[in-house]
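What follows is coords-v1.cif (mmCIF, C-alpha atoms).
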```
data_start
#
loop_
_atom_site.group_PDB
_atom_site.id
_atom_site.type_symbol
_atom_site.label_atom_id
_atom_site.label_comp_id
_atom_site.auth_asym_id
_atom_site.auth_seq_id
_atom_site.Cartn_x
_atom_site.Cartn_y
_atom_site.Cartn_z
ATOM 1 C CA MET A 278 81.343 112.438 131.662
ATOM 2 C CA LYS A 279 80.003 113.331 135.067
ATOM 3 C CA LEU A 280 76.626 113.598 136.626
ATOM 4 C CA LEU A 281 75.644 117.039 137.732
ATOM 5 C CA ASN A 282 75.898 116.061 141.387
ATOM 6 C CA GLY A 283 79.561 115.231 140.879
ATOM 7 C CA LYS A 284 79.220 111.436 140.781
ATOM 8 C CA THR A 285 80.502 109.545 137.751
ATOM 9 C CA SER A 286 77.795 107.934 135.660
ATOM 10 C CA GLU A 287 78.711 105.464 132.948
ATOM 11 C CA LEU A 288 76.409 104.731 130.056
ATOM 12 C CA ASN A 289 76.629 101.042 130.882
ATOM 13 C CA SER A 290 74.852 101.763 134.178
ATOM 14 C CA ILE A 291 71.622 102.352 132.238
ATOM 15 C CA PRO A 292 69.481 99.204 132.625
ATOM 16 C CA ASN A 293 68.899 96.796 129.739
ATOM 17 C CA LEU A 294 71.605 98.105 127.391
ATOM 18 C CA ASN A 295 73.996 95.867 125.501
ATOM 19 C CA SER A 296 77.308 96.919 123.995
ATOM 20 C CA LYS A 297 75.724 97.891 120.670
ATOM 21 C CA ASP A 298 73.163 100.041 122.478
ATOM 22 C CA ILE A 299 75.904 101.831 124.399
ATOM 23 C CA GLU A 300 77.842 102.436 121.198
ATOM 24 C CA ALA A 301 74.738 103.750 119.412
ATOM 25 C CA LEU A 302 73.799 106.029 122.303
ATOM 26 C CA LEU A 303 77.332 107.360 122.669
ATOM 27 C CA THR A 304 77.484 108.079 118.933
ATOM 28 C CA VAL A 305 74.311 110.156 119.059
ATOM 29 C CA LEU A 306 75.361 111.896 122.269
ATOM 30 C CA VAL A 307 78.677 112.962 120.787
ATOM 31 C CA GLY A 308 77.667 113.557 117.182
ATOM 32 C CA GLY A 309 74.073 114.732 117.400
ATOM 33 C CA SER A 310 72.975 118.353 117.322
ATOM 34 C CA LYS A 311 69.187 118.358 117.680
ATOM 35 C CA ARG A 312 67.714 119.869 120.818
ATOM 36 C CA VAL A 313 65.596 116.760 121.475
ATOM 37 C CA GLU A 314 66.403 113.446 119.838
ATOM 38 C CA ARG A 315 64.904 109.976 120.132
ATOM 39 C CA VAL A 316 67.265 107.014 120.123
ATOM 40 C CA ALA A 317 65.813 103.557 119.423
ATOM 41 C CA LEU A 318 67.778 100.833 121.201
ATOM 42 C CA SER A 319 67.411 97.073 121.174
ATOM 43 C CA SER A 320 64.981 96.786 124.083
ATOM 44 C CA ARG A 321 63.832 100.354 124.703
ATOM 45 C CA GLN A 322 63.920 103.888 123.402
ATOM 46 C CA VAL A 323 65.361 106.895 125.172
ATOM 47 C CA TRP A 324 65.408 110.617 124.597
ATOM 48 C CA ILE A 325 68.429 112.885 124.548
ATOM 49 C CA LYS A 326 67.776 116.481 125.489
ATOM 50 C CA ARG A 327 70.508 119.023 124.769
ATOM 51 C CA TYR A 328 70.812 122.548 126.073
ATOM 52 C CA GLY A 329 72.230 125.638 124.430
ATOM 53 C CA THR A 330 71.591 124.404 120.891
ATOM 54 C CA GLU A 331 69.167 127.233 120.131
ATOM 55 C CA LYS A 332 69.128 130.943 120.805
ATOM 56 C CA PRO A 333 66.319 132.291 123.011
ATOM 57 C CA PRO A 334 63.251 132.912 120.797
ATOM 58 C CA ALA A 335 62.173 136.449 119.960
ATOM 59 C CA TRP A 336 59.137 136.213 122.244
ATOM 60 C CA ARG A 337 61.445 135.587 125.182
ATOM 61 C CA HIS A 338 63.294 138.824 124.505
ATOM 62 C CA LEU A 339 59.916 140.567 124.247
ATOM 63 C CA GLN A 340 58.806 139.038 127.538
ATOM 64 C CA THR A 341 62.005 140.227 129.216
ATOM 65 C CA ALA A 342 61.503 143.748 127.866
ATOM 66 C CA LEU A 343 57.847 143.835 128.953
ATOM 67 C CA SER A 344 58.714 142.634 132.459
ATOM 68 C CA ARG A 345 61.041 145.619 132.810
ATOM 69 C CA ILE A 346 58.443 148.091 131.581
ATOM 70 C CA ILE A 347 55.441 146.572 133.390
ATOM 71 C CA PRO A 348 56.346 145.535 136.966
ATOM 72 C CA VAL A 349 54.007 142.530 137.092
ATOM 73 C CA ALA A 350 55.449 139.337 138.577
ATOM 74 C CA PHE A 351 53.840 136.816 136.221
ATOM 75 C CA LEU A 352 55.539 138.424 133.192
ATOM 76 C CA ARG A 353 59.042 137.675 134.464
ATOM 77 C CA PRO A 354 60.806 134.970 132.424
ATOM 78 C CA SER A 355 62.993 132.338 134.049
ATOM 79 C CA ALA A 356 66.688 133.127 133.802
ATOM 80 C CA TYR A 357 68.428 131.922 130.649
ATOM 81 C CA LEU A 358 71.386 129.881 131.891
ATOM 82 C CA SER A 359 74.443 128.170 130.478
ATOM 83 C CA PRO A 360 73.901 124.658 129.019
ATOM 84 C CA ARG A 361 75.372 123.066 132.143
ATOM 85 C CA GLU A 362 73.181 125.150 134.443
ATOM 86 C CA MET A 363 70.072 124.411 132.380
ATOM 87 C CA ALA A 364 70.753 120.671 132.511
ATOM 88 C CA GLU A 365 71.319 120.935 136.245
ATOM 89 C CA ARG A 366 68.116 122.942 136.759
ATOM 90 C CA GLU A 367 65.988 120.431 134.897
ATOM 91 C CA THR A 368 67.581 117.440 136.612
ATOM 92 C CA GLN A 369 67.008 118.987 140.026
ATOM 93 C CA ARG A 370 63.401 119.871 139.237
ATOM 94 C CA ILE A 371 62.695 116.340 138.019
ATOM 95 C CA GLY A 372 64.068 115.057 141.326
ATOM 96 C CA ALA A 373 61.973 117.512 143.349
ATOM 97 C CA PHE A 374 58.779 116.510 141.543
ATOM 98 C CA LYS A 375 59.551 112.831 142.002
ATOM 99 C CA GLU A 376 60.076 113.333 145.734
ATOM 100 C CA ARG A 377 56.595 114.889 145.977
ATOM 101 C CA GLY A 378 54.984 111.885 144.286
ATOM 102 C CA ILE A 379 54.561 113.389 140.809
ATOM 103 C CA ALA A 380 55.222 111.025 137.911
ATOM 104 C CA VAL A 381 58.199 112.206 135.841
ATOM 105 C CA PRO A 382 60.527 110.555 133.297
ATOM 106 C CA ASP A 383 63.565 108.852 134.801
ATOM 107 C CA VAL A 384 66.891 110.580 134.246
ATOM 108 C CA LEU A 385 69.149 107.783 132.998
ATOM 109 C CA TYR A 386 72.280 109.809 132.402
ATOM 110 C CA ALA A 387 73.428 113.407 132.661
ATOM 111 C CA SER A 388 76.406 115.319 131.349
ATOM 112 C CA ASN A 389 77.366 118.980 131.379
ATOM 113 C CA GLY A 390 75.103 119.900 128.478
ATOM 114 C CA ALA A 391 72.644 117.047 127.963
ATOM 115 C CA ILE A 392 70.491 114.533 129.774
ATOM 116 C CA VAL A 393 69.186 111.127 128.712
ATOM 117 C CA LEU A 394 65.595 110.421 129.708
ATOM 118 C CA ALA A 395 63.573 107.231 129.734
ATOM 119 C CA ASP A 396 60.738 107.188 127.219
ATOM 120 C CA ALA A 397 57.475 108.218 128.889
ATOM 121 C CA GLY A 398 55.177 106.850 126.205
ATOM 122 C CA ILE A 399 52.450 108.702 124.365
ATOM 123 C CA THR A 400 51.949 112.348 125.262
ATOM 124 C CA VAL A 401 48.569 113.806 126.126
ATOM 125 C CA GLN A 402 48.862 116.079 123.090
ATOM 126 C CA ARG A 403 49.145 113.112 120.749
ATOM 127 C CA ARG A 404 46.169 111.386 122.364
ATOM 128 C CA LEU A 405 44.116 114.571 122.084
ATOM 129 C CA ALA A 406 44.908 114.693 118.371
ATOM 130 C CA GLN A 407 43.671 111.102 118.013
ATOM 131 C CA LEU A 408 40.409 111.864 119.841
ATOM 132 C CA LYS A 409 39.686 115.289 118.361
ATOM 133 C CA GLU A 410 37.372 114.123 115.591
ATOM 134 C CA SER A 411 36.602 110.556 116.618
ATOM 135 C CA ASP A 412 35.447 111.147 120.215
ATOM 136 C CA PRO A 413 34.924 114.803 121.231
ATOM 137 C CA THR A 414 33.633 113.822 124.687
ATOM 138 C CA ALA A 415 36.693 111.729 125.518
ATOM 139 C CA HIS A 416 38.870 114.485 124.057
ATOM 140 C CA ASP A 417 37.409 117.068 126.428
ATOM 141 C CA ASP A 418 37.417 114.669 129.383
ATOM 142 C CA LEU A 419 41.167 114.416 128.886
ATOM 143 C CA MET A 420 41.501 118.205 128.879
ATOM 144 C CA VAL A 421 39.608 118.312 132.170
ATOM 145 C CA ALA A 422 41.937 115.632 133.542
ATOM 146 C CA CYS A 423 44.906 117.873 132.657
ATOM 147 C CA ALA A 424 43.426 120.696 134.728
ATOM 148 C CA ALA A 425 42.683 118.358 137.638
ATOM 149 C CA GLU A 426 46.219 116.951 137.615
ATOM 150 C CA LEU A 427 47.670 120.450 137.529
ATOM 151 C CA GLY A 428 45.559 121.295 140.562
ATOM 152 C CA ARG A 429 46.963 118.267 142.409
ATOM 153 C CA LEU A 430 50.469 119.373 141.474
ATOM 154 C CA HIS A 431 49.787 122.845 142.852
ATOM 155 C CA ALA A 432 48.333 121.368 146.034
ATOM 156 C CA LYS A 433 51.734 119.729 146.625
ATOM 157 C CA GLY A 434 53.408 123.140 146.625
ATOM 158 C CA LEU A 435 54.824 122.864 143.102
ATOM 159 C CA CYS A 436 54.542 124.757 139.823
ATOM 160 C CA HIS A 437 55.440 123.509 136.358
ATOM 161 C CA GLY A 438 56.188 126.607 134.307
ATOM 162 C CA ARG A 439 54.758 125.462 130.989
ATOM 163 C CA PRO A 440 52.040 122.850 131.575
ATOM 164 C CA TYR A 441 51.018 122.176 128.001
ATOM 165 C CA PRO A 442 49.454 118.818 126.995
ATOM 166 C CA ARG A 443 52.597 118.011 125.008
ATOM 167 C CA ASP A 444 54.470 118.034 128.327
ATOM 168 C CA MET A 445 52.130 115.535 130.010
ATOM 169 C CA PHE A 446 52.007 111.759 129.653
ATOM 170 C CA PHE A 447 49.948 108.814 130.897
ATOM 171 C CA VAL A 448 50.685 106.884 134.089
ATOM 172 C CA GLY A 449 47.862 104.395 134.616
ATOM 173 C CA ASN A 450 44.707 106.446 135.174
ATOM 174 C CA ARG A 451 46.714 109.546 136.116
ATOM 175 C CA LEU A 452 49.005 111.937 134.271
ATOM 176 C CA GLY A 453 52.690 112.696 134.659
ATOM 177 C CA PHE A 454 54.726 115.764 133.744
ATOM 178 C CA MET A 455 57.934 116.386 131.841
ATOM 179 C CA ASP A 456 60.003 119.237 130.395
ATOM 180 C CA PHE A 457 61.080 121.309 133.384
ATOM 181 C CA GLU A 458 63.406 123.780 131.695
ATOM 182 C CA GLU A 459 61.668 126.756 133.229
ATOM 183 C CA ASP A 460 61.604 127.441 136.960
ATOM 184 C CA PRO A 461 59.259 130.403 137.451
ATOM 185 C CA GLN A 462 59.357 130.110 141.226
ATOM 186 C CA THR A 463 62.879 131.547 141.116
ATOM 187 C CA VAL A 464 61.569 134.863 139.711
ATOM 188 C CA MET A 465 58.076 135.116 141.202
ATOM 189 C CA PRO A 466 56.126 133.921 144.270
ATOM 190 C CA LEU A 467 54.827 130.352 144.140
ATOM 191 C CA GLU A 468 51.166 131.362 144.027
ATOM 192 C CA VAL A 469 51.863 133.666 141.072
ATOM 193 C CA ALA A 470 53.654 130.864 139.233
ATOM 194 C CA GLN A 471 50.740 128.514 139.905
ATOM 195 C CA ALA A 472 48.229 131.080 138.644
ATOM 196 C CA ARG A 473 50.298 131.509 135.502
ATOM 197 C CA ASP A 474 50.387 127.717 135.092
ATOM 198 C CA ILE A 475 46.617 127.371 134.912
ATOM 199 C CA TRP A 476 46.284 130.394 132.632
ATOM 200 C CA LEU A 477 48.813 128.860 130.228
ATOM 201 C CA LEU A 478 46.890 125.579 130.285
ATOM 202 C CA PHE A 479 43.662 127.446 129.606
ATOM 203 C CA LEU A 480 45.258 128.967 126.523
ATOM 204 C CA GLN A 481 45.232 125.377 125.219
ATOM 205 C CA ILE A 482 41.806 124.438 126.566
ATOM 206 C CA ALA A 483 39.984 127.611 125.519
ATOM 207 C CA THR A 484 40.113 127.060 121.770
ATOM 208 C CA GLY A 485 40.919 123.340 121.848
ATOM 209 C CA ALA A 486 37.838 122.170 123.749
ATOM 210 C CA ARG A 487 35.389 120.486 121.401
ATOM 211 C CA LEU A 488 32.399 121.146 123.666
ATOM 212 C CA GLY A 489 33.242 124.763 124.368
ATOM 213 C CA LEU A 490 32.044 126.490 127.522
ATOM 214 C CA GLU A 491 30.900 123.257 129.162
ATOM 215 C CA THR A 492 34.439 121.876 129.075
ATOM 216 C CA GLN A 493 35.976 125.172 130.162
ATOM 217 C CA ASN A 494 33.713 125.213 133.238
ATOM 218 C CA ARG A 495 34.530 121.614 134.101
ATOM 219 C CA ALA A 496 38.254 122.226 133.685
ATOM 220 C CA TYR A 497 38.205 125.285 135.931
ATOM 221 C CA GLU A 498 36.215 123.434 138.586
ATOM 222 C CA ALA A 499 38.629 120.471 138.411
ATOM 223 C CA TRP A 500 41.646 122.708 138.958
ATOM 224 C CA SER A 501 39.981 124.907 141.573
ATOM 225 C CA ALA A 502 38.874 121.922 143.663
ATOM 226 C CA GLN A 503 42.539 120.947 144.182
ATOM 227 C CA ALA A 504 44.463 124.220 143.953
ATOM 228 C CA PRO A 505 45.527 126.286 146.987
ATOM 229 C CA ALA A 506 43.379 129.293 147.863
ATOM 230 C CA ALA A 507 46.386 131.600 147.387
ATOM 231 C CA ALA A 508 46.783 130.433 143.780
ATOM 232 C CA ARG A 509 43.078 130.981 143.058
ATOM 233 C CA ALA A 510 43.219 134.465 144.549
ATOM 234 C CA GLU A 511 46.342 135.293 142.551
ATOM 235 C CA LEU A 512 44.722 134.009 139.371
ATOM 236 C CA GLU A 513 41.812 136.391 139.908
ATOM 237 C CA ARG A 514 44.209 139.342 140.300
ATOM 238 C CA MET A 515 46.124 138.253 137.231
ATOM 239 C CA ILE A 516 43.005 137.900 135.096
ATOM 240 C CA ARG A 517 41.667 141.277 136.213
ATOM 241 C CA PHE A 518 44.917 142.780 134.959
ATOM 242 C CA LEU A 519 44.908 140.870 131.659
ATOM 243 C CA GLY A 520 41.235 141.672 131.160
ATOM 244 C CA GLY A 521 42.211 145.289 130.746
ATOM 245 C CA PHE A 522 43.835 144.354 127.441
ATOM 246 C CA LEU A 523 40.850 142.481 126.001
ATOM 247 C CA PHE A 524 39.409 145.518 124.238
ATOM 248 C CA LEU A 525 42.715 146.148 122.474
ATOM 249 C CA ALA A 526 43.101 142.449 121.655
ATOM 250 C CA ARG A 527 39.647 142.295 120.096
ATOM 251 C CA LEU A 528 40.353 145.479 118.156
ATOM 252 C CA ILE A 529 43.533 143.966 116.731
ATOM 253 C CA GLY A 530 41.614 140.775 116.021
ATOM 254 C CA ARG A 531 39.297 142.607 113.667
ATOM 255 C CA VAL A 532 42.293 143.266 111.446
ATOM 256 C CA HIS A 533 44.103 139.971 111.980
ATOM 257 C CA MET A 534 42.987 137.198 114.336
ATOM 258 C CA GLY A 535 46.022 134.954 114.777
ATOM 259 C CA SER A 536 45.786 131.723 116.756
ATOM 260 C CA ASP A 537 47.743 133.085 119.741
ATOM 261 C CA LEU A 538 45.558 136.181 119.931
ATOM 262 C CA GLN A 539 42.419 134.076 119.699
ATOM 263 C CA ARG A 540 43.610 131.849 122.547
ATOM 264 C CA PHE A 541 44.370 134.898 124.670
ATOM 265 C CA ILE A 542 40.928 136.404 124.078
ATOM 266 C CA VAL A 543 38.951 133.204 124.671
ATOM 267 C CA ALA A 544 40.952 132.027 127.714
ATOM 268 C CA THR A 545 41.052 135.398 129.446
ATOM 269 C CA SER A 546 37.385 136.102 128.715
ATOM 270 C CA PHE A 547 36.352 132.748 130.147
ATOM 271 C CA LEU A 548 38.421 133.133 133.297
ATOM 272 C CA MET A 549 36.955 136.598 133.862
ATOM 273 C CA HIS A 550 33.535 134.964 133.526
ATOM 274 C CA ALA A 551 34.576 132.230 135.975
ATOM 275 C CA PHE A 552 35.269 134.739 138.735
ATOM 276 C CA THR A 553 31.698 135.992 138.498
ATOM 277 C CA ASN A 554 30.439 132.452 139.133
ATOM 278 C CA TYR A 555 32.950 130.941 141.577
ATOM 279 C CA SER A 556 34.013 132.304 144.942
ATOM 280 C CA VAL A 557 37.702 132.528 145.829
ATOM 281 C CA ASP A 558 38.540 131.740 149.436
#
```

What would you get if you wrote out this structure as structure tokens?
Amino acid sequence: MKLLNGKTSELNSIPNLNSKDIEALLTVLVGGSKRVERVALSSRQVWIKRYGTEKPPAWRHLQTALSRIIPVAFLRPSAYLSPREMAERETQRIGAFKERGIAVPDVLYASNGAIVLADAGITVQRRLAQLKESDPTAHDDLMVACAAELGRLHAKGLCHGRPYPRDMFFVGNRLGFMDFEEDPQTVMPLEVAQARDIWLLFLQIATGARLGLETQNRAYEAWSAQAPAAARAELERMIRFLGGFLFLARLIGRVHMGSDLQRFIVATSFLMHAFTNYSVD
């Protein structure tokens, strides 16, 4: 197998593996079929991520169709690539984030259709689930920390593409990022991709916050304090556009209020409210 940069990478080059570990990892690499799979080894655990194991979901086809009908940049989906190209894209993005000082999982091994990643520990999503009932204040503080860390990421001239809490992990008193399959900057301007990032995060914060509007305000302030002015201005334009669909969304919600629709209504309504209370440079 070869690394995506053309250099040979042997499994025995991964630190702290014995012969049984290499055999176990090779067996799962060759014989496994799951998109993401955890492999417990003698002294560590690693994650195998495969590409091309699943067809693009229906919503992705819908997003592609909508982007053709409605010429709005933030609706454009990242290109769906071959398994090799997807592995290469994610490996390159991990490297780019690492170079900018963002904590990311180490890539231990890469082949044409899969990568092996070091375990990053507990995800923010799992910690939020633990805190949800036992400590609502700490739960919401962590949501605010997600927004602040995303703002720092944006300040470094980066965008994530899908910054959900399940794709963040703990690094000391800061947060790291993982899962870089999407690369929105290839299909839209950076500031548009950054605006979409924070909107996607707010879809999680809007209905997930235990303390409601207080947490939403703190999260927006935390992101805005770090984020570039161009991203804040683009977010305002984006929310003005999405706000035009709120009446229809609420009308549909009277018949059936699904969780995705509820998140859209609450997040978009809050962000529209935010732009009446915060100035954009």

Can you tell me how far CA of Arg361 (chain A) sits from CA of Tyr386 (chain A), in Å to one decimal?
->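 Between CA of Arg361 (chain A) and CA of Tyr386 (chain A) the gap is 13.6 Å.
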
Surrounding residues of Ala317 (chain A) excluding itself and chain neighbours under 6 positions, 9 Å, only C-alpha atoms, as an mmCIF file with C-alpha atoms, in the frame of the given file:
```
data_model
loop_
_atom_site.group_PDB
_atom_site.id
_atom_site.type_symbol
_atom_site.label_atom_id
_atom_site.label_comp_id
_atom_site.auth_asym_id
_atom_site.auth_seq_id
_atom_site.Cartn_x
_atom_site.Cartn_y
_atom_site.Cartn_z
ATOM 1 C CA ASP A 298 73.163 100.041 122.478
ATOM 2 C CA ALA A 301 74.738 103.750 119.412
ATOM 3 C CA LEU A 302 73.799 106.029 122.303
ATOM 4 C CA VAL A 323 65.361 106.895 125.172
ATOM 5 C CA TRP A 324 65.408 110.617 124.597
#
```

Residues within 10 Å of Gly378 (chain A), all atoms listed in the file, excluding chain neighbours under 5 positions, as a ChimeraX atom specification | /A:373,430,433,453

Output file for the residues above (C-alpha atoms, as a tab-separated table (two decimals), in the coordinates of the input):
```
chain	number	residue	atom	x	y	z
A	373	ALA	CA	61.97	117.51	143.35
A	430	LEU	CA	50.47	119.37	141.47
A	433	LYS	CA	51.73	119.73	146.62
A	453	GLY	CA	52.69	112.70	134.66
```

Pick from A:Arg531, A:Arg366, A:Lys297, A:Arg403: nearest to Tyr328 (chain A), with only C-alpha atoms counted?
->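 Nearest candidate to Tyr328 (chain A) out of A:Arg531, A:Arg366, A:Lys297, A:Arg403: A:Arg366.
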
Would you compute the box with edges along x, y and z of the file around region 384-396 of chain A, including every atom the file lists for it and 5 Å extra on each side, and give its centre and edge lengths in Å to one decimal, as JSON?
```
{"center_x": 69.1, "center_y": 113.5, "center_z": 130.7, "size_x": 26.6, "size_y": 22.7, "size_z": 17.0}
```

Written as a PyMOL selection string, what is the full residue list that the PyMOL selection byres ((chain A and resi 438) around 10) yields on the file shown?
-> chain A and resi 354-355+435-437+439-441+456-462+470-471+473-475+477

Extract, using all atoms listed in the file, all DNA, RNA and protein residues at most 12 Å from Ala422 (chain A), discarding same-chain residues fewer than 2 positions from it, and format them as number ranges by chain.
-> A: 401, 405, 415-420, 424-429, 442, 445-447, 450-453, 478, 482, 492-493, 495-500, 503

Could you tell me which of A:Val448, A:Arg312, A:Arg443, A:Cys423 comes closest to Gly390 (chain A) if we count only C-alpha atoms?
->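 Checking each of A:Val448, A:Arg312, A:Arg443, A:Cys423 against Gly390 (chain A), counting only C-alpha atoms, the winner is A:Arg312.
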
Between A:Ala387, A:Ile542, A:Val469, A:Ala395, smallest distance to Gly521 (chain A) by all atoms listed in the file belongs to A:Ile542

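Put simply, the PyMOL selection byres ((chain A and resi 382) around 8) in this file takes in A:Ile371, A:Ala380, A:Val381, A:Asp383, A:Val384, A:Leu394, A:Ala395, A:Asp396, A:Ala397, A:Phe454, A:Met455.
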
Pull out every residue that the PyMOL selection byres ((chain A and resi 305) around 12) matches in the shown coordinates and put them as an NGL selection string.
-> :A and (298-304 or 306-318 or 323-327 or 391 or 393)

Distance of CA of Gly520 (chain A) from CA of Ala350 (chain A), expressed in Å to one decimal place | 16.2 Å

Neighbours of Ser359 (chain A) within 10 Å (only C-alpha atoms; same-chain residues fewer than 4 positions away dropped), as a list in words?
->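 Residues near the query, excluding close chain neighbours: Tyr328, Gly329, Met363, Ala364, Glu365, Asn389 and Gly390 of chain A.
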
Would you mind listing what lies within 12 Å of Ala526 (chain A) as a PDB file with C-alpha atoms, in the frame of the given file, with only C-alpha atoms counted and same-chain residues fewer than 5 positions away left out?
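Okay, around-v5.pdb is ready:
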```
ATOM      1  CA  LEU A 519      44.908 140.870 131.659  1.00  0.00           C
ATOM      2  CA  GLY A 520      41.235 141.672 131.160  1.00  0.00           C
ATOM      3  CA  GLY A 521      42.211 145.289 130.746  1.00  0.00           C
ATOM      4  CA  ARG A 531      39.297 142.607 113.667  1.00  0.00           C
ATOM      5  CA  VAL A 532      42.293 143.266 111.446  1.00  0.00           C
ATOM      6  CA  HIS A 533      44.103 139.971 111.980  1.00  0.00           C
ATOM      7  CA  MET A 534      42.987 137.198 114.336  1.00  0.00           C
ATOM      8  CA  GLY A 535      46.022 134.954 114.777  1.00  0.00           C
ATOM      9  CA  ASP A 537      47.743 133.085 119.741  1.00  0.00           C
ATOM     10  CA  LEU A 538      45.558 136.181 119.931  1.00  0.00           C
ATOM     11  CA  GLN A 539      42.419 134.076 119.699  1.00  0.00           C
ATOM     12  CA  ARG A 540      43.610 131.849 122.547  1.00  0.00           C
ATOM     13  CA  PHE A 541      44.370 134.898 124.670  1.00  0.00           C
ATOM     14  CA  ILE A 542      40.928 136.404 124.078  1.00  0.00           C
ATOM     15  CA  VAL A 543      38.951 133.204 124.671  1.00  0.00           C
ATOM     16  CA  THR A 545      41.052 135.398 129.446  1.00  0.00           C
ATOM     17  CA  SER A 546      37.385 136.102 128.715  1.00  0.00           C
TER      18      SER A 546
END
```

Would you work out the distance separating CA of Arg509 (chain A) from CA of Tyr357 (chain A), expressed in Å to one decimal?
->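 For CA of Arg509 (chain A) relative to CA of Tyr357 (chain A), the distance reads 28.2 Å.
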
Go through A:Glu376, A:Phe547, A:Glu491, A:Gly434 and flag the residue nearest Ala508 (chain A), using all atoms listed in the file for the distances.
->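 Looking only at the distances to Ala508 (chain A), the closest residue turns out to be A:Gly434.
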
Pick from A:Ala502, A:Ile399, A:Val464, A:Ile516 nearest to Arg353 (chain A), counting all atoms listed in the file = A:Val464

Which residue gives the smallest distance to Leu408 (chain A) among A:Leu548, A:Ala486, A:Ala472, A:Ala506, with all atoms listed in the file counted?
-> A:Ala486
